[in-house]
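Pasted below: run-v7.pdb, PDB, C-alpha atoms and all ligand atoms.
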```
ATOM      1  CA  MET A 566     142.632-165.655  62.398
ATOM      2  CA  LYS A 567     141.414-163.753  59.363
ATOM      3  CA  ALA A 568     142.338-160.095  59.044
ATOM      4  CA  ALA A 569     142.306-157.312  56.452
ATOM      5  CA  VAL A 570     145.973-156.431  56.063
ATOM      6  CA  VAL A 571     147.225-153.306  54.281
ATOM      7  CA  PRO A 572     150.465-154.659  52.767
ATOM      8  CA  ALA A 573     152.072-151.316  51.876
ATOM      9  CA  MET A 574     151.293-147.645  51.416
ATOM     10  CA  HIS A 575     148.710-147.010  48.644
ATOM     11  CA  SER A 576     148.080-150.744  48.225
ATOM     12  CA  GLN A 577     144.853-152.715  48.148
ATOM     13  CA  TRP A 578     143.826-154.379  51.422
ATOM     14  CA  ARG A 579     144.224-158.169  51.520
ATOM     15  CA  ILE A 580     142.200-160.667  53.532
ATOM     16  CA  GLN A 581     144.680-163.171  54.916
ATOM     17  CA  GLU A 582     145.445-165.535  57.776
ATOM     18  CA  VAL A 583     147.623-164.003  60.506
ATOM     19  CA  PRO A 584     148.574-165.365  63.954
ATOM     20  CA  LYS A 585     145.883-164.855  66.610
ATOM     21  CA  PRO A 586     147.447-162.612  69.285
ATOM     22  CA  GLU A 587     147.753-163.519  72.983
ATOM     23  CA  PRO A 588     146.954-160.935  75.661
ATOM     24  CA  GLY A 589     150.021-159.633  77.506
ATOM     25  CA  PRO A 590     149.999-157.878  80.907
ATOM     26  CA  ASN A 591     147.039-155.485  81.276
ATOM     27  CA  GLN A 592     145.641-156.502  77.887
ATOM     28  CA  VAL A 593     142.428-158.180  76.775
ATOM     29  CA  LEU A 594     141.700-160.189  73.655
ATOM     30  CA  ILE A 595     138.504-159.124  71.897
ATOM     31  CA  ARG A 596     136.491-161.202  69.423
ATOM     32  CA  ILE A 597     135.542-158.408  67.030
ATOM     33  CA  ARG A 598     131.796-158.241  66.319
ATOM     34  CA  ALA A 599     131.704-154.963  64.403
ATOM     35  CA  SER A 600     134.340-152.601  63.042
ATOM     36  CA  GLY A 601     133.539-149.318  61.351
ATOM     37  CA  ILE A 602     135.444-147.901  58.397
ATOM     38  CA  CYS A 603     136.305-144.206  58.739
ATOM     39  CA  TYR A 604     137.578-141.852  56.054
ATOM     40  CA  THR A 605     140.743-141.748  58.190
ATOM     41  CA  ASP A 606     141.345-145.325  56.978
ATOM     42  CA  VAL A 607     141.861-143.801  53.518
ATOM     43  CA  HIS A 608     144.335-141.230  54.863
ATOM     44  CA  GLN A 609     146.185-144.028  56.688
ATOM     45  CA  THR A 610     146.307-146.268  53.610
ATOM     46  CA  ASN A 611     147.713-143.370  51.598
ATOM     47  CA  GLY A 612     150.359-142.596  54.221
ATOM     48  CA  ALA A 613     148.966-139.142  55.092
ATOM     49  CA  LEU A 614     149.062-140.227  58.746
ATOM     50  CA  PRO A 615     151.986-141.977  60.450
ATOM     51  CA  GLY A 616     152.150-145.773  60.765
ATOM     52  CA  ASN A 617     154.178-148.734  59.505
ATOM     53  CA  PHE A 618     153.138-151.309  56.912
ATOM     54  CA  PRO A 619     152.014-154.020  56.712
ATOM     55  CA  ARG A 620     149.329-153.329  59.261
ATOM     56  CA  ILE A 621     145.679-153.871  60.157
ATOM     57  CA  LEU A 622     143.532-150.739  60.234
ATOM     58  CA  GLY A 623     140.187-150.114  61.941
ATOM     59  CA  HIS A 624     139.719-147.704  64.854
ATOM     60  CA  GLU A 625     136.019-148.303  65.590
ATOM     61  CA  PRO A 626     136.257-151.841  66.996
ATOM     62  CA  VAL A 627     133.694-153.421  69.299
ATOM     63  CA  GLY A 628     133.268-156.999  70.440
ATOM     64  CA  GLU A 629     133.346-159.462  73.266
ATOM     65  CA  ILE A 630     136.289-160.103  75.564
ATOM     66  CA  VAL A 631     137.402-163.732  75.165
ATOM     67  CA  ALA A 632     140.645-163.703  77.203
ATOM     68  CA  VAL A 633     142.339-161.437  79.742
ATOM     69  CA  GLY A 634     146.067-161.045  80.393
ATOM     70  CA  PRO A 635     147.893-160.861  83.754
ATOM     71  CA  GLY A 636     146.945-157.918  85.961
ATOM     72  CA  VAL A 637     143.512-157.256  84.413
ATOM     73  CA  THR A 638     140.937-156.805  87.183
ATOM     74  CA  ALA A 639     138.250-154.463  85.840
ATOM     75  CA  ARG A 640     137.376-156.513  82.739
ATOM     76  CA  LYS A 641     136.327-160.124  82.418
ATOM     77  CA  VAL A 642     135.619-162.699  79.741
ATOM     78  CA  GLY A 643     132.172-162.017  78.250
ATOM     79  CA  ASP A 644     132.276-158.222  78.658
ATOM     80  CA  ARG A 645     130.992-156.245  75.660
ATOM     81  CA  VAL A 646     133.487-153.467  74.958
ATOM     82  CA  GLY A 647     134.742-151.031  72.369
ATOM     83  CA  VAL A 648     138.134-149.400  71.993
ATOM     84  CA  PRO A 649     138.789-145.758  71.077
ATOM     85  CA  TRP A 650     141.854-144.445  69.262
ATOM     86  CA  ILE A 651     144.104-143.798  72.273
ATOM     87  CA  GLN A 652     145.013-147.019  74.052
ATOM     88  CA  ALA A 653     148.087-146.010  76.031
ATOM     89  CA  THR A 654     150.372-143.019  76.533
ATOM     90  CA  CYS A 655     153.710-142.412  78.269
ATOM     91  CA  GLY A 656     152.118-141.383  81.563
ATOM     92  CA  ARG A 657     155.086-139.151  82.352
ATOM     93  CA  CYS A 658     155.008-136.072  80.112
ATOM     94  CA  GLU A 659     153.403-132.741  81.023
ATOM     95  CA  TRP A 660     150.168-133.592  79.171
ATOM     96  CA  CYS A 661     149.806-137.018  80.708
ATOM     97  CA  LYS A 662     150.319-135.467  84.135
ATOM     98  CA  ARG A 663     147.693-132.843  83.303
ATOM     99  CA  GLY A 664     145.220-135.593  82.445
ATOM    100  CA  LYS A 665     145.221-134.676  78.745
ATOM    101  CA  PRO A 666     146.631-137.824  77.145
ATOM    102  CA  MET A 667     145.481-136.722  73.672
ATOM    103  CA  PHE A 668     148.473-134.364  73.592
ATOM    104  CA  CYS A 669     151.061-137.006  74.600
ATOM    105  CA  GLU A 670     153.654-137.552  71.885
ATOM    106  CA  GLN A 671     154.021-141.252  72.684
ATOM    107  CA  GLN A 672     150.552-142.572  72.001
ATOM    108  CA  VAL A 673     149.739-146.160  71.250
ATOM    109  CA  GLY A 674     146.836-145.710  68.857
ATOM    110  CA  THR A 675     144.337-148.328  67.725
ATOM    111  CA  SER A 676     145.283-149.042  64.083
ATOM    112  CA  GLY A 677     148.447-146.942  64.538
ATOM    113  CA  ALA A 678     151.054-148.553  66.788
ATOM    114  CA  ALA A 679     148.506-151.195  67.886
ATOM    115  CA  GLN A 680     146.622-153.536  65.578
ATOM    116  CA  GLY A 681     143.207-152.295  64.463
ATOM    117  CA  GLY A 682     139.767-153.846  64.366
ATOM    118  CA  HIS A 683     139.386-155.078  60.777
ATOM    119  CA  ALA A 684     140.080-158.633  61.905
ATOM    120  CA  GLU A 685     138.488-161.528  63.773
ATOM    121  CA  TYR A 686     140.383-160.717  66.991
ATOM    122  CA  MET A 687     142.164-157.699  68.427
ATOM    123  CA  LEU A 688     144.261-156.963  71.505
ATOM    124  CA  ALA A 689     143.622-153.858  73.579
ATOM    125  CA  PHE A 690     144.864-152.422  76.838
ATOM    126  CA  ALA A 691     142.093-153.174  79.318
ATOM    127  CA  GLY A 692     142.163-149.649  80.775
ATOM    128  CA  ALA A 693     141.363-148.143  77.380
ATOM    129  CA  THR A 694     138.308-150.278  76.710
ATOM    130  CA  MET A 695     134.840-148.850  77.306
ATOM    131  CA  LEU A 696     132.004-151.099  78.428
ATOM    132  CA  LEU A 697     129.056-150.906  76.018
ATOM    133  CA  PRO A 698     125.670-149.886  77.416
ATOM    134  CA  ASP A 699     123.161-152.739  77.636
ATOM    135  CA  GLY A 700     120.858-152.911  74.668
ATOM    136  CA  LEU A 701     123.171-151.122  72.239
ATOM    137  CA  SER A 702     123.968-153.472  69.361
ATOM    138  CA  TYR A 703     127.534-153.981  68.180
ATOM    139  CA  GLU A 704     126.646-152.595  64.768
ATOM    140  CA  GLN A 705     125.238-149.407  66.335
ATOM    141  CA  ALA A 706     128.066-149.096  68.854
ATOM    142  CA  ALA A 707     131.089-149.387  66.542
ATOM    143  CA  PRO A 708     130.788-146.035  64.710
ATOM    144  CA  ILE A 709     130.321-144.221  68.028
ATOM    145  CA  PHE A 710     133.951-145.028  68.914
ATOM    146  CA  CYS A 711     135.297-142.594  66.323
ATOM    147  CA  ALA A 712     132.528-140.797  64.410
ATOM    148  CA  GLY A 713     130.109-140.373  67.312
ATOM    149  CA  TYR A 714     132.799-139.684  69.929
ATOM    150  CA  THR A 715     134.418-137.071  67.673
ATOM    151  CA  VAL A 716     131.287-135.081  66.841
ATOM    152  CA  TRP A 717     129.855-135.189  70.348
ATOM    153  CA  SER A 718     133.261-134.022  71.673
ATOM    154  CA  GLY A 719     133.187-131.169  69.151
ATOM    155  CA  LEU A 720     129.701-130.084  70.144
ATOM    156  CA  ARG A 721     130.559-130.184  73.865
ATOM    157  CA  TRP A 722     133.807-128.292  73.233
ATOM    158  CA  ALA A 723     131.985-125.534  71.325
ATOM    159  CA  ASP A 724     129.822-125.133  74.450
ATOM    160  CA  PRO A 725     126.580-124.000  72.756
ATOM    161  CA  GLN A 726     124.239-122.039  74.997
ATOM    162  CA  PRO A 727     120.457-122.463  75.250
ATOM    163  CA  GLY A 728     118.747-121.141  72.127
ATOM    164  CA  GLN A 729     121.862-121.133  69.978
ATOM    165  CA  ARG A 730     121.883-122.591  66.488
ATOM    166  CA  VAL A 731     124.151-125.414  65.372
ATOM    167  CA  ALA A 732     125.101-126.111  61.761
ATOM    168  CA  VAL A 733     126.727-129.307  60.553
ATOM    169  CA  ALA A 734     128.935-129.076  57.474
ATOM    170  CA  GLY A 735     129.349-132.294  55.508
ATOM    171  CA  ILE A 736     126.667-134.936  55.994
ATOM    172  CA  GLY A 737     128.566-138.222  55.860
ATOM    173  CA  GLY A 738     129.768-140.695  58.471
ATOM    174  CA  LEU A 739     130.449-138.008  61.097
ATOM    175  CA  GLY A 740     127.918-135.446  59.939
ATOM    176  CA  HIS A 741     124.850-137.692  59.987
ATOM    177  CA  LEU A 742     125.579-138.354  63.657
ATOM    178  CA  ALA A 743     126.392-134.698  64.403
ATOM    179  CA  VAL A 744     122.933-133.636  63.156
ATOM    180  CA  GLN A 745     121.289-136.161  65.465
ATOM    181  CA  TYR A 746     123.456-135.277  68.491
ATOM    182  CA  ALA A 747     122.763-131.554  68.058
ATOM    183  CA  LYS A 748     119.013-132.272  67.843
ATOM    184  CA  ALA A 749     119.147-134.661  70.805
ATOM    185  CA  ALA A 750     120.771-131.890  72.833
ATOM    186  CA  GLY A 751     117.892-129.567  71.927
ATOM    187  CA  PHE A 752     119.456-127.180  69.414
ATOM    188  CA  ASP A 753     118.020-125.805  66.190
ATOM    189  CA  THR A 754     120.080-127.752  63.679
ATOM    190  CA  ILE A 755     120.978-126.800  60.134
ATOM    191  CA  ALA A 756     122.637-129.191  57.694
ATOM    192  CA  ILE A 757     125.047-127.805  55.112
ATOM    193  CA  SER A 758     124.901-130.327  52.280
ATOM    194  CA  ARG A 759     125.812-129.999  48.634
ATOM    195  CA  SER A 760     123.981-133.212  47.693
ATOM    196  CA  PRO A 761     120.226-132.627  47.129
ATOM    197  CA  ASP A 762     119.802-136.410  46.764
ATOM    198  CA  LYS A 763     120.490-136.728  50.501
ATOM    199  CA  ASP A 764     117.826-134.160  51.521
ATOM    200  CA  THR A 765     115.085-136.653  52.420
ATOM    201  CA  LEU A 766     117.449-138.633  54.628
ATOM    202  CA  ILE A 767     118.824-135.483  56.229
ATOM    203  CA  ARG A 768     115.290-134.387  57.167
ATOM    204  CA  GLN A 769     114.707-137.812  58.704
ATOM    205  CA  LEU A 770     117.838-137.316  60.820
ATOM    206  CA  GLY A 771     116.098-134.298  62.338
ATOM    207  CA  ALA A 772     117.650-131.304  60.575
ATOM    208  CA  ASP A 773     115.407-128.236  60.844
ATOM    209  CA  GLU A 774     116.842-126.693  57.692
ATOM    210  CA  ILE A 775     119.123-127.699  54.841
ATOM    211  CA  VAL A 776     121.350-125.197  53.065
ATOM    212  CA  ARG A 777     123.928-125.678  50.299
ATOM    213  CA  ASP A 778     126.810-123.452  51.416
ATOM    214  CA  GLY A 779     127.984-120.660  53.719
ATOM    215  CA  GLN A 780     125.952-117.990  51.953
ATOM    216  CA  GLY A 781     122.871-120.165  52.215
ATOM    217  CA  LEU A 782     123.570-120.538  55.935
ATOM    218  CA  ALA A 783     123.895-116.764  56.316
ATOM    219  CA  ARG A 784     120.568-116.284  54.465
ATOM    220  CA  VAL A 785     118.675-118.425  56.990
ATOM    221  CA  GLY A 786     120.152-116.453  59.902
ATOM    222  CA  GLY A 787     123.523-118.161  60.365
ATOM    223  CA  ALA A 788     124.763-120.460  63.099
ATOM    224  CA  ASP A 789     126.485-119.916  66.444
ATOM    225  CA  VAL A 790     128.364-123.182  66.080
ATOM    226  CA  ILE A 791     129.492-124.902  62.889
ATOM    227  CA  LEU A 792     130.514-128.507  63.381
ATOM    228  CA  SER A 793     132.704-129.091  60.357
ATOM    229  CA  THR A 794     133.008-132.745  59.414
ATOM    230  CA  SER A 795     133.869-132.011  55.791
ATOM    231  CA  ASN A 796     137.034-133.448  54.246
ATOM    232  CA  SER A 797     137.436-130.357  52.053
ATOM    233  CA  THR A 798     139.285-127.260  53.234
ATOM    234  CA  ASP A 799     137.521-125.172  50.576
ATOM    235  CA  ALA A 800     134.099-126.242  51.844
ATOM    236  CA  MET A 801     135.187-125.422  55.411
ATOM    237  CA  ALA A 802     136.354-121.924  54.461
ATOM    238  CA  ASP A 803     133.111-121.341  52.563
ATOM    239  CA  SER A 804     130.876-122.344  55.462
ATOM    240  CA  ILE A 805     132.479-119.738  57.759
ATOM    241  CA  GLN A 806     130.504-117.062  55.873
ATOM    242  CA  GLY A 807     127.457-118.335  57.748
ATOM    243  CA  LEU A 808     128.963-118.064  61.245
ATOM    244  CA  ARG A 809     127.244-115.518  63.487
ATOM    245  CA  PRO A 810     129.185-112.981  65.604
ATOM    246  CA  ASP A 811     130.936-114.733  68.516
ATOM    247  CA  GLY A 812     130.382-118.005  66.641
ATOM    248  CA  ARG A 813     132.631-121.042  66.909
ATOM    249  CA  PHE A 814     133.813-123.052  63.931
ATOM    250  CA  VAL A 815     134.844-126.532  65.074
ATOM    251  CA  ALA A 816     137.171-128.370  62.691
ATOM    252  CA  MET A 817     136.963-132.162  62.879
ATOM    253  CA  GLY A 818     137.326-133.335  59.279
ATOM    254  CA  PHE A 819     140.830-133.516  57.827
ATOM    255  CA  ASP A 820     142.240-132.247  54.548
ATOM    256  CA  PRO A 821     146.000-131.685  54.067
ATOM    257  CA  LYS A 822     145.293-128.339  52.358
ATOM    258  CA  PRO A 823     145.736-125.368  54.768
ATOM    259  CA  LEU A 824     142.738-123.276  55.775
ATOM    260  CA  GLN A 825     142.844-119.631  54.647
ATOM    261  CA  LEU A 826     140.786-117.156  56.606
ATOM    262  CA  SER A 827     139.702-113.572  56.274
ATOM    263  CA  LEU A 828     141.150-111.596  59.171
ATOM    264  CA  ALA A 829     138.292-109.120  58.730
ATOM    265  CA  ASP A 830     135.852-111.960  59.478
ATOM    266  CA  LEU A 831     137.852-113.008  62.512
ATOM    267  CA  ILE A 832     138.076-109.521  63.944
ATOM    268  CA  THR A 833     134.759-107.909  63.076
ATOM    269  CA  ARG A 834     132.629-110.920  63.933
ATOM    270  CA  ARG A 835     134.998-112.028  66.738
ATOM    271  CA  ILE A 836     134.651-115.622  65.598
ATOM    272  CA  ARG A 837     136.681-118.506  66.955
ATOM    273  CA  ILE A 838     138.238-121.344  64.968
ATOM    274  CA  ILE A 839     138.559-124.409  67.175
ATOM    275  CA  GLY A 840     140.270-127.705  66.526
ATOM    276  CA  SER A 841     138.668-130.666  68.218
ATOM    277  CA  GLN A 842     139.381-134.350  68.532
ATOM    278  CA  GLN A 843     138.214-137.075  70.866
ATOM    279  CA  ASN A 844     138.248-134.940  73.967
ATOM    280  CA  GLY A 845     138.070-137.511  76.771
ATOM    281  CA  PRO A 846     136.201-140.610  77.966
ATOM    282  CA  GLU A 847     133.409-138.577  79.554
ATOM    283  CA  TYR A 848     132.275-137.579  76.074
ATOM    284  CA  LEU A 849     132.561-141.131  74.759
ATOM    285  CA  TYR A 850     130.342-142.250  77.639
ATOM    286  CA  GLU A 851     127.756-139.573  76.795
ATOM    287  CA  ALA A 852     127.873-140.345  73.068
ATOM    288  CA  LEU A 853     127.252-144.045  73.731
ATOM    289  CA  ASP A 854     124.510-143.250  76.244
ATOM    290  CA  LEU A 855     122.556-141.140  73.733
ATOM    291  CA  ALA A 856     122.883-143.939  71.160
ATOM    292  CA  ALA A 857     121.715-146.536  73.704
ATOM    293  CA  LYS A 858     118.658-144.373  74.480
ATOM    294  CA  GLY A 859     117.764-144.416  70.774
ATOM    295  CA  LYS A 860     118.216-140.646  70.399
ATOM    296  CA  VAL A 861     120.998-141.167  67.873
ATOM    297  CA  LYS A 862     120.977-143.936  65.285
ATOM    298  CA  VAL A 863     123.828-144.921  63.042
ATOM    299  CA  LEU A 864     122.757-145.421  59.428
ATOM    300  CA  ALA A 865     125.125-148.137  58.322
ATOM    301  CA  GLU A 866     125.875-150.273  55.320
ATOM    302  CA  THR A 867     127.127-153.598  56.612
ATOM    303  CA  TYR A 868     129.717-155.845  55.042
ATOM    304  CA  ARG A 869     131.382-159.114  55.885
ATOM    305  CA  LEU A 870     135.138-159.050  56.479
ATOM    306  CA  ASP A 871     135.830-160.706  53.109
ATOM    307  CA  GLU A 872     133.846-157.930  51.375
ATOM    308  CA  ILE A 873     135.925-155.173  52.965
ATOM    309  CA  ASN A 874     137.552-153.998  49.743
ATOM    310  CA  ARG A 875     134.158-153.156  48.276
ATOM    311  CA  ALA A 876     133.306-151.238  51.453
ATOM    312  CA  TYR A 877     136.650-149.407  51.380
ATOM    313  CA  GLU A 878     136.135-148.386  47.758
ATOM    314  CA  ARG A 879     132.739-146.877  48.589
ATOM    315  CA  VAL A 880     134.215-145.005  51.582
ATOM    316  CA  GLU A 881     137.060-143.689  49.418
ATOM    317  CA  LYS A 882     134.614-142.431  46.775
ATOM    318  CA  GLY A 883     132.263-140.892  49.348
ATOM    319  CA  GLN A 884     129.381-143.177  48.289
ATOM    320  CA  VAL A 885     128.526-144.734  51.665
ATOM    321  CA  ARG A 886     125.187-143.830  53.303
ATOM    322  CA  PHE A 887     126.450-143.055  55.964
ATOM    323  CA  ARG A 888     128.867-145.434  57.662
ATOM    324  CA  ALA A 889     130.358-148.720  56.455
ATOM    325  CA  VAL A 890     130.563-151.305  59.217
ATOM    326  CA  VAL A 891     132.142-154.753  58.978
ATOM    327  CA  THR A 892     130.142-157.270  60.998
ATOM    328  CA  ASP A 893     130.739-160.955  61.564
TER     329      ASP A 893
HETATM  330 ZN    ZN B 901     137.868-142.223  62.500
HETATM  331 ZN    ZN B 902     152.693-138.557  77.847
END
```

Have the structure of the file written as structure tokens, please.
Ligand SMILES: [Zn+2]
Ligand SMILES: [Zn+2]
Amino acid sequence: MKAAVVPAMHSQWRIQEVPKPEPGPNQVLIRIRASGICYTDVHQTNGALPGNFPRILGHEPVGEIVAVGPGVTARKVGDRVGVPWIQATCGRCEWCKRGKPMFCEQQVGTSGAAQGGHAEYMLAFAGATMLLPDGLSYEQAAPIFCAGYTVWSGLRWADPQPGQRVAVAGIGGLGHLAVQYAKAAGFDTIAISRSPDKDTLIRQLGADEIVRDGQGLARVGGADVILSTSNSTDAMADSIQGLRPDGRFVAMGFDPKPLQLSLADLITRRIRIIGSQQNGPEYLYEALDLAAKGKVKVLAETYRLDEINRAYERVEKGQVRFRAVVTD
């Protein structure tokens, strides 16, 4: 099969022939129909996240099951599925026993310990796959498995109350979905965007207001929840100026630089800084459901697998409007 292989840290991806895998016990083989490229792919290529090389990245894979391994009962050939980041955990540690596998230290992650989706075929543990809702195209479904799942998890975790205002910082792959999810859930939604050239698109996504930074957010009355999808620690720190008392800042974008905070802000406004990730399959189900109902639409640039280096370059430079998806 053809796959995009990252030969070594910091190296250019290479399209090459690799052996087509066979499903082992409890695994399924998926013919990949769409695979989104996340900014995390850049962090992985640069070694900022753990993982061996050579390896195949891609943690937004969707496709059709073409073979099932021994012991698989809940999935069958022909099923349309996607696979989130966590495929398997130890099942024995405190966090696995508590039903919080995201905190297990022995995770098998899609594109980490397990092969990712930038390929013609991919193996996955059957129990980790999620059936796609009818009517949701592969191209629309793929980015929900990281970008959509992450931002919807963050919004649910922040627990906004009726009438509260939600701001989204960073309008890219995650942010363009976060704006739509916040609107779909009925909240006044403010986009924090430094790129005026995106304003028309951001309005079309449903944003009620667009501001440029934290002070701009404060000037329009602030937000009770900031969903931060930015990849810049400085931009995150800046946006906190626009958080209302008792507000929640939800960090989802990653930057290795530490976040510095004013303790006066924390104390006097009693704000909360919350980390969030993909917080459980219930939220993935909801994120997919809203996409299937047409309330959230992925704006994607599509590429063929052999064009993936061009797509990667645009992701790396922040030029993609708003998600790059490899389709077959
Ligand atoms: Zn991702
Ligand atoms: Zn565990």

Suppose a student applies the PyMOL selection byres (((chain A and resi 631) around 8) and not hetatm) to this structure; what residues should they get, written as a list in words?
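Taken on the displayed file, the PyMOL selection byres (((chain A and resi 631) around 8) and not hetatm) yields the residues Val593, Leu594, Ile595, Arg596, Glu629, Ile630, Ala632, Val633, Val642 and Gly643 of chain A.
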
Hey, can you check how far CA of Pro666 (chain A) sits from CA of Asp854 (chain A)?
22.8 Å

Specify as a ChimeraX atom specification each residue included when the PyMOL selection byres (((chain A and resi 615-623) around 9) and not hetatm) is applied to this file.
/A:568-574,578,600-603,606,609-610,612-614,624-626,675-684

List as a ChimeraX atom specification the protein and nucleic acid residues near Gln726 (chain A), meaning an atom at most 10 Å away when all atoms listed in the file are counted, but skip any in the same chain fewer than 5 places from it.
/A:752,789-790

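Applied to this file, the PyMOL selection byres (((not hetatm)) within 6 of (chain B and resi 902)) selects the residues Thr654, Cys655, Gly656, Arg657, Cys658, Trp660, Cys661, Cys669 and Gln671 of chain A.
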
In terms of only C-alpha atoms, the residue from A:Cys711, A:Leu742, A:Ala691, A:Ile580 at minimal distance from Lys862 (chain A) is A:Leu742

I'd like to know which of A:Asp753, A:Glu866, A:Asp724, A:Glu774 is closest to Phe814 (chain A), using all atoms listed in the file.
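So, comparing all the options, the nearest one is A:Asp724.
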
Starting from the point (138.5, -120.2, 63.4), work out which residues of protein, DNA or RNA have an atom no more than 8 Å away when counting all atoms listed in the file; state them as a ChimeraX atom specification.
/A:813-815,826,831,836-839

Region 713-722 of chain A, all listed atoms, 4 Å padding on each side: what axis-aligned box centre and edge lengths in Å to one decimal come out, as JSON?
```
{"center_x": 132.1, "center_y": -134.3, "center_z": 70.4, "size_x": 12.7, "size_y": 20.1, "size_z": 15.0}
```

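Using all atoms listed in the file for every distance, the candidate list A:Leu853, A:Val880, A:Ile757, A:Val637 yields A:Val880 as the residue closest to ligand ZN 901 (chain B).
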
Pairwise distance for CA of Arg886 (chain A) and CA of Thr798 (chain A), rounded to one decimal in Å:
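Computed distance, CA of Arg886 (chain A) to CA of Thr798 (chain A), equals 21.8 Å.
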
When you count only C-alpha atoms and all ligand atoms, which of these residues is closest to ligand ZN 901 (chain B): A:Pro846, A:Pro727, A:Gly738, A:Gly719?
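That would be A:Gly738, the residue with the smallest distance to ligand ZN 901 (chain B).
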
Counting only C-alpha atoms, the residue of A:Arg640, A:Arg835, A:Arg721, A:Lys748 that sits nearest Arg768 (chain A):
A:Lys748

Which is closer to ligand ZN 901 (chain B) than all the others in A:Gly636, A:Gly812, A:Gly713, A:Pro725, using all atoms listed in the file?
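Closest to ligand ZN 901 (chain B), using all atoms listed in the file: A:Gly713.
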
Interatomic distance (Å, one decimal) between CA of Arg759 (chain A) and CA of Val863 (chain A)
20.8 Å

At a cut-off of 6 Å, using only C-alpha atoms, what residues contact Arg645 (chain A)? Leave out same-chain residues fewer than 2 positions from it and give the result as a PyMOL selection string.
chain A and resi 628-629+696-697

Give me, as a PyMOL selection string, all polymer residues having an atom no more than 8 Å from Phe710 (chain A), counting all atoms listed in the file and skipping those fewer than 4 positions away in the same chain.
chain A and resi 624-626+647-650+706+714+849

I need the residues from that last selection saved to file as a compact mmCIF listing (two decimals), in the frame of the given file (with C-alpha atoms), if you can.
```txt
# COMPACT_ATOMS: atom_id res chain seq x y z
CA HIS A 624 139.72 -147.70 64.85
CA GLU A 625 136.02 -148.30 65.59
CA PRO A 626 136.26 -151.84 67.00
CA GLY A 647 134.74 -151.03 72.37
CA VAL A 648 138.13 -149.40 71.99
CA PRO A 649 138.79 -145.76 71.08
CA TRP A 650 141.85 -144.44 69.26
CA ALA A 706 128.07 -149.10 68.85
CA TYR A 714 132.80 -139.68 69.93
CA LEU A 849 132.56 -141.13 74.76
```

Incomplete region 745-755 of chain A brought to N, CA, C and O atoms, written out as an mmCIF file, keeping the file's coordinate frame:
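Result file result-v7.cif:
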```cif
data_model
loop_
_atom_site.group_PDB
_atom_site.id
_atom_site.type_symbol
_atom_site.label_atom_id
_atom_site.label_comp_id
_atom_site.auth_asym_id
_atom_site.auth_seq_id
_atom_site.Cartn_x
_atom_site.Cartn_y
_atom_site.Cartn_z
ATOM 1 N N GLN A 745 122.144 -135.524 64.451
ATOM 2 C CA GLN A 745 121.289 -136.161 65.465
ATOM 3 C C GLN A 745 121.702 -135.770 66.884
ATOM 4 O O GLN A 745 120.848 -135.561 67.752
ATOM 5 N N TYR A 746 123.001 -135.675 67.147
ATOM 6 C CA TYR A 746 123.456 -135.277 68.491
ATOM 7 C C TYR A 746 123.019 -133.841 68.803
ATOM 8 O O TYR A 746 122.583 -133.550 69.916
ATOM 9 N N ALA A 747 123.153 -132.951 67.813
ATOM 10 C CA ALA A 747 122.763 -131.554 68.058
ATOM 11 C C ALA A 747 121.265 -131.466 68.352
ATOM 12 O O ALA A 747 120.831 -130.731 69.240
ATOM 13 N N LYS A 748 120.458 -132.247 67.601
ATOM 14 C CA LYS A 748 119.013 -132.272 67.843
ATOM 15 C C LYS A 748 118.709 -132.873 69.212
ATOM 16 O O LYS A 748 117.883 -132.358 69.977
ATOM 17 N N ALA A 749 119.389 -133.983 69.520
ATOM 18 C CA ALA A 749 119.147 -134.661 70.805
ATOM 19 C C ALA A 749 119.452 -133.730 71.969
ATOM 20 O O ALA A 749 118.830 -133.820 73.028
ATOM 21 N N ALA A 750 120.414 -132.827 71.765
ATOM 22 C CA ALA A 750 120.771 -131.890 72.833
ATOM 23 C C ALA A 750 119.864 -130.658 72.828
ATOM 24 O O ALA A 750 120.032 -129.767 73.654
ATOM 25 N N GLY A 751 118.912 -130.607 71.883
ATOM 26 C CA GLY A 751 117.892 -129.567 71.927
ATOM 27 C C GLY A 751 118.153 -128.329 71.094
ATOM 28 O O GLY A 751 117.476 -127.315 71.264
ATOM 29 N N PHE A 752 119.120 -128.379 70.199
ATOM 30 C CA PHE A 752 119.456 -127.180 69.414
ATOM 31 C C PHE A 752 118.778 -127.188 68.051
ATOM 32 O O PHE A 752 118.599 -128.240 67.443
ATOM 33 N N ASP A 753 118.418 -125.981 67.583
ATOM 34 C CA ASP A 753 118.020 -125.805 66.190
ATOM 35 C C ASP A 753 119.205 -126.240 65.344
ATOM 36 O O ASP A 753 120.320 -125.763 65.558
ATOM 37 N N THR A 754 118.963 -127.123 64.383
ATOM 38 C CA THR A 754 120.080 -127.752 63.679
ATOM 39 C C THR A 754 119.926 -127.568 62.171
ATOM 40 O O THR A 754 118.869 -127.861 61.612
ATOM 41 N N ILE A 755 120.989 -127.078 61.567
ATOM 42 C CA ILE A 755 120.978 -126.800 60.134
ATOM 43 C C ILE A 755 122.043 -127.673 59.470
ATOM 44 O O ILE A 755 123.199 -127.697 59.908
#
```
